[in-house]
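Chemist: First, the structure itself, so that you have it in front of you.
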Amino acid sequence: MPTVFNEGRHPGEFLLSEGAGQISREAGIVASGSGIIAPGTVLGRLTISGKLVPSPATGADGSQTAVAVALYGCDATSADQIIAIIARDAEVRVDALVYHATVNDAAKRAAKATQLAAFGIIVRA
């Protein structure tokens with residue numbers, strides 16, 4: 001039986017379009033303890049530190065509001081990581097986004113799309 005390989009997400013795979021130059025991108029700090037972040041992960045910002053984490057469906061620390069999408073992946077299991085994020089003026093593919101485990105149905109994903117739209121990140125089918 002042949003060996004089966006599973007290819008992970010590629011940086012920028014989720015992007016349909018972005019603003020000219022580097023207007024859509026900026027650097028962001030993913031908070032230590034966030035684990036493995038895949039390209040295309042929907043991120044929220046912690047109010048106290050300003051650091052990014054995968055955006056859960058609910059919460060009270062600020063991260064429950066989606067504000068960006070990780071352009072590249074990282075391992076933030078035991079240390080903060082600086083990565084490029086899509087922060088504004090972009091269109092992204094809904095089927096290529098990665099969500100926090102609590103964002104587990106269509107209604108919760110639609111809520112994340114609405115939150116991202118407030119930052120000019122439009123989720124497309």
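Order determines the names: the first chain of the structure tokens is A, the second B, and so forth; residues in each chain are numbered 1 upward, and ligands are numbered 1 upward as they are shown.
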I'd like a table as CSV: residues in region 2-61 of chain A with an atom no more than 7 Å from region 73-87 of chain A, each row giving the shortest atom pair and its distance in Å to one decimal, only C-alpha atoms counted, sorted by chain and rising residue number.
Modeler:
residue,atom,partner,partner_atom,distance
A:Ser24,CA,A:Ile86,CA,5.5
A:Arg25,CA,A:Ile86,CA,4.7
A:Glu26,CA,A:Ile85,CA,5.6
A:Ala27,CA,A:Ala84,CA,4.6
A:Gly28,CA,A:Ile83,CA,5.5
A:Ile29,CA,A:Ile82,CA,4.5
A:Val30,CA,A:Gln81,CA,5.2
A:Ala31,CA,A:Asp80,CA,4.8
A:Ser32,CA,A:Asp80,CA,4.3
A:Gly33,CA,A:Thr77,CA,4.6
A:Ser34,CA,A:Ala76,CA,5.3
A:Gly35,CA,A:Thr77,CA,4.0
A:Ile36,CA,A:Asp75,CA,4.5
A:Ile37,CA,A:Gly73,CA,5.0
A:Ala38,CA,A:Gly73,CA,4.3
A:Pro39,CA,A:Gly73,CA,4.6
Chemist: Just write the chosen residues, all heavy atoms, as a compact mmCIF listing (two decimals), in the first residue's frame.
Modeler:
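Writing done, so here's out_11.txt:
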# COMPACT_ATOMS: atom_id res chain seq x y z
N SER A 24 -2.98 45.83 2.71
CA SER A 24 -3.82 44.85 3.42
C SER A 24 -3.09 44.15 4.55
O SER A 24 -3.71 43.53 5.40
CB SER A 24 -4.31 43.79 2.43
OG SER A 24 -5.09 44.38 1.43
N ARG A 25 -1.76 44.23 4.55
CA ARG A 25 -0.95 43.43 5.46
C ARG A 25 -0.32 44.26 6.57
O ARG A 25 -0.04 45.44 6.41
CB ARG A 25 0.18 42.75 4.69
CG ARG A 25 -0.32 41.88 3.58
CD ARG A 25 0.82 41.26 2.81
NE ARG A 25 0.29 40.50 1.68
CZ ARG A 25 0.96 39.54 1.08
NH1 ARG A 25 2.18 39.22 1.48
NH2 ARG A 25 0.42 38.89 0.07
N GLU A 26 -0.10 43.59 7.69
CA GLU A 26 0.71 44.17 8.76
C GLU A 26 1.26 43.03 9.61
O GLU A 26 0.86 41.88 9.44
CB GLU A 26 -0.07 45.18 9.60
CG GLU A 26 -1.24 44.65 10.34
CD GLU A 26 -2.00 45.76 11.08
OE1 GLU A 26 -2.35 46.78 10.48
OE2 GLU A 26 -2.24 45.58 12.29
N ALA A 27 2.17 43.36 10.47
CA ALA A 27 2.73 42.37 11.39
C ALA A 27 1.83 42.28 12.61
O ALA A 27 1.29 43.29 13.08
CB ALA A 27 4.14 42.74 11.80
N GLY A 28 1.66 41.08 13.12
CA GLY A 28 0.89 40.87 14.34
C GLY A 28 1.61 39.90 15.25
O GLY A 28 2.40 39.08 14.78
N ILE A 29 1.35 39.99 16.53
CA ILE A 29 1.97 39.07 17.49
C ILE A 29 0.92 38.06 17.93
O ILE A 29 -0.12 38.43 18.48
CB ILE A 29 2.51 39.83 18.72
CG1 ILE A 29 3.58 40.83 18.30
CG2 ILE A 29 3.06 38.85 19.76
CD1 ILE A 29 4.03 41.76 19.42
N VAL A 30 1.20 36.79 17.67
CA VAL A 30 0.33 35.71 18.12
C VAL A 30 0.78 35.35 19.53
O VAL A 30 1.96 35.10 19.79
CB VAL A 30 0.41 34.49 17.19
CG1 VAL A 30 -0.45 33.35 17.71
CG2 VAL A 30 -0.03 34.88 15.78
N ALA A 31 -0.17 35.33 20.47
CA ALA A 31 0.12 35.10 21.88
C ALA A 31 0.60 33.68 22.15
O ALA A 31 0.07 32.72 21.59
CB ALA A 31 -1.11 35.39 22.72
N SER A 32 1.59 33.58 23.01
CA SER A 32 2.08 32.29 23.48
C SER A 32 0.90 31.50 24.06
O SER A 32 0.02 32.06 24.70
CB SER A 32 3.14 32.51 24.56
OG SER A 32 3.58 31.28 25.08
N GLY A 33 0.90 30.21 23.79
CA GLY A 33 -0.19 29.36 24.26
C GLY A 33 -1.27 29.15 23.23
O GLY A 33 -2.21 28.40 23.46
N SER A 34 -1.15 29.82 22.08
CA SER A 34 -2.16 29.70 21.03
C SER A 34 -2.03 28.42 20.23
O SER A 34 -2.92 28.08 19.47
CB SER A 34 -2.09 30.90 20.08
OG SER A 34 -2.40 32.09 20.76
N GLY A 35 -0.90 27.73 20.37
CA GLY A 35 -0.69 26.48 19.64
C GLY A 35 -0.23 26.71 18.21
O GLY A 35 0.33 27.75 17.88
N ILE A 36 -0.51 25.72 17.37
CA ILE A 36 -0.13 25.80 15.96
C ILE A 36 -1.17 26.63 15.22
O ILE A 36 -2.36 26.32 15.27
CB ILE A 36 -0.05 24.38 15.34
CG1 ILE A 36 0.90 23.48 16.12
CG2 ILE A 36 0.33 24.48 13.86
CD1 ILE A 36 2.35 23.89 16.08
N ILE A 37 -0.72 27.66 14.56
CA ILE A 37 -1.59 28.53 13.78
C ILE A 37 -1.35 28.22 12.30
O ILE A 37 -0.22 28.30 11.82
CB ILE A 37 -1.27 30.03 14.05
CG1 ILE A 37 -1.40 30.36 15.53
CG2 ILE A 37 -2.14 30.93 13.19
CD1 ILE A 37 -2.77 30.20 16.10
N ALA A 38 -2.40 27.85 11.61
CA ALA A 38 -2.30 27.56 10.18
C ALA A 38 -2.53 28.83 9.37
O ALA A 38 -3.24 29.74 9.83
CB ALA A 38 -3.35 26.52 9.79
N PRO A 39 -1.96 28.92 8.16
CA PRO A 39 -2.31 30.04 7.29
C PRO A 39 -3.83 30.05 7.09
O PRO A 39 -4.45 29.00 6.93
CB PRO A 39 -1.59 29.72 5.98
CG PRO A 39 -0.45 28.83 6.38
CD PRO A 39 -0.98 28.01 7.53
Chemist: Please identify all polymer residues within 10 Å of Lys112 (chain A), counting only C-alpha atoms, omitting same-chain residues fewer than 4 positions from it, and present them as a list in words.
Modeler: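 Answer for this query is Val42, Leu43, Gly44, Ser55, Pro56, Ala57, Gln64, Thr65, Ala66, Val67, Tyr99, Val103, Ala106, Ala107, Lys108, Leu116, Ala117 and Val123 of chain A.
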Chemist: According to DSSP computed on the backbone, where in chain A is there helix (DSSP H, G or I)? Give the residues as a ChimeraX atom specification.
Modeler: /A:94-96,106-117
Chemist: With C-alpha atoms retained, write the just-selected residues as a PDB file, in the first residue's frame.
Modeler:
ATOM      1  CA  VAL A  94     -14.608  30.919   2.995  1.00  0.00           C
ATOM      2  CA  ASP A  95     -13.559  27.310   2.308  1.00  0.00           C
ATOM      3  CA  ALA A  96      -9.898  28.076   2.992  1.00  0.00           C
ATOM      4  CA  ALA A 106     -22.647  27.935   9.709  1.00  0.00           C
ATOM      5  CA  ALA A 107     -24.182  30.588  11.988  1.00  0.00           C
ATOM      6  CA  LYS A 108     -20.946  31.064  13.950  1.00  0.00           C
ATOM      7  CA  ARG A 109     -18.891  31.218  10.733  1.00  0.00           C
ATOM      8  CA  ALA A 110     -21.309  33.793   9.329  1.00  0.00           C
ATOM      9  CA  ALA A 111     -20.829  35.865  12.503  1.00  0.00           C
ATOM     10  CA  LYS A 112     -17.042  35.751  11.971  1.00  0.00           C
ATOM     11  CA  ALA A 113     -17.535  36.866   8.350  1.00  0.00           C
ATOM     12  CA  THR A 114     -19.590  39.841   9.561  1.00  0.00           C
ATOM     13  CA  GLN A 115     -16.905  40.742  12.111  1.00  0.00           C
ATOM     14  CA  LEU A 116     -14.158  40.573   9.465  1.00  0.00           C
ATOM     15  CA  ALA A 117     -16.243  42.719   7.099  1.00  0.00           C
TER      16      ALA A 117
END
Chemist: Which value, in Å to one decimal, gives the distance between CA of Ile48 (chain A) and CA of Gly62 (chain A)?
Modeler: 8.3 Å
Chemist: With distances taken over only C-alpha atoms, which of A:Leu46, A:Val69, A:Leu15, A:Ala60 is nearest to Ala125 (chain A)?
Modeler: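 Among the listed residues, A:Leu15 lies closest to Ala125 (chain A).
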Chemist: If you run DSSP on the backbone, which residues of region 45-107 of chain A are strand (DSSP E or B), as a ChimeraX atom specification?
Modeler: /A:45,52-54,66-70,74-76,81-86,90-93,98
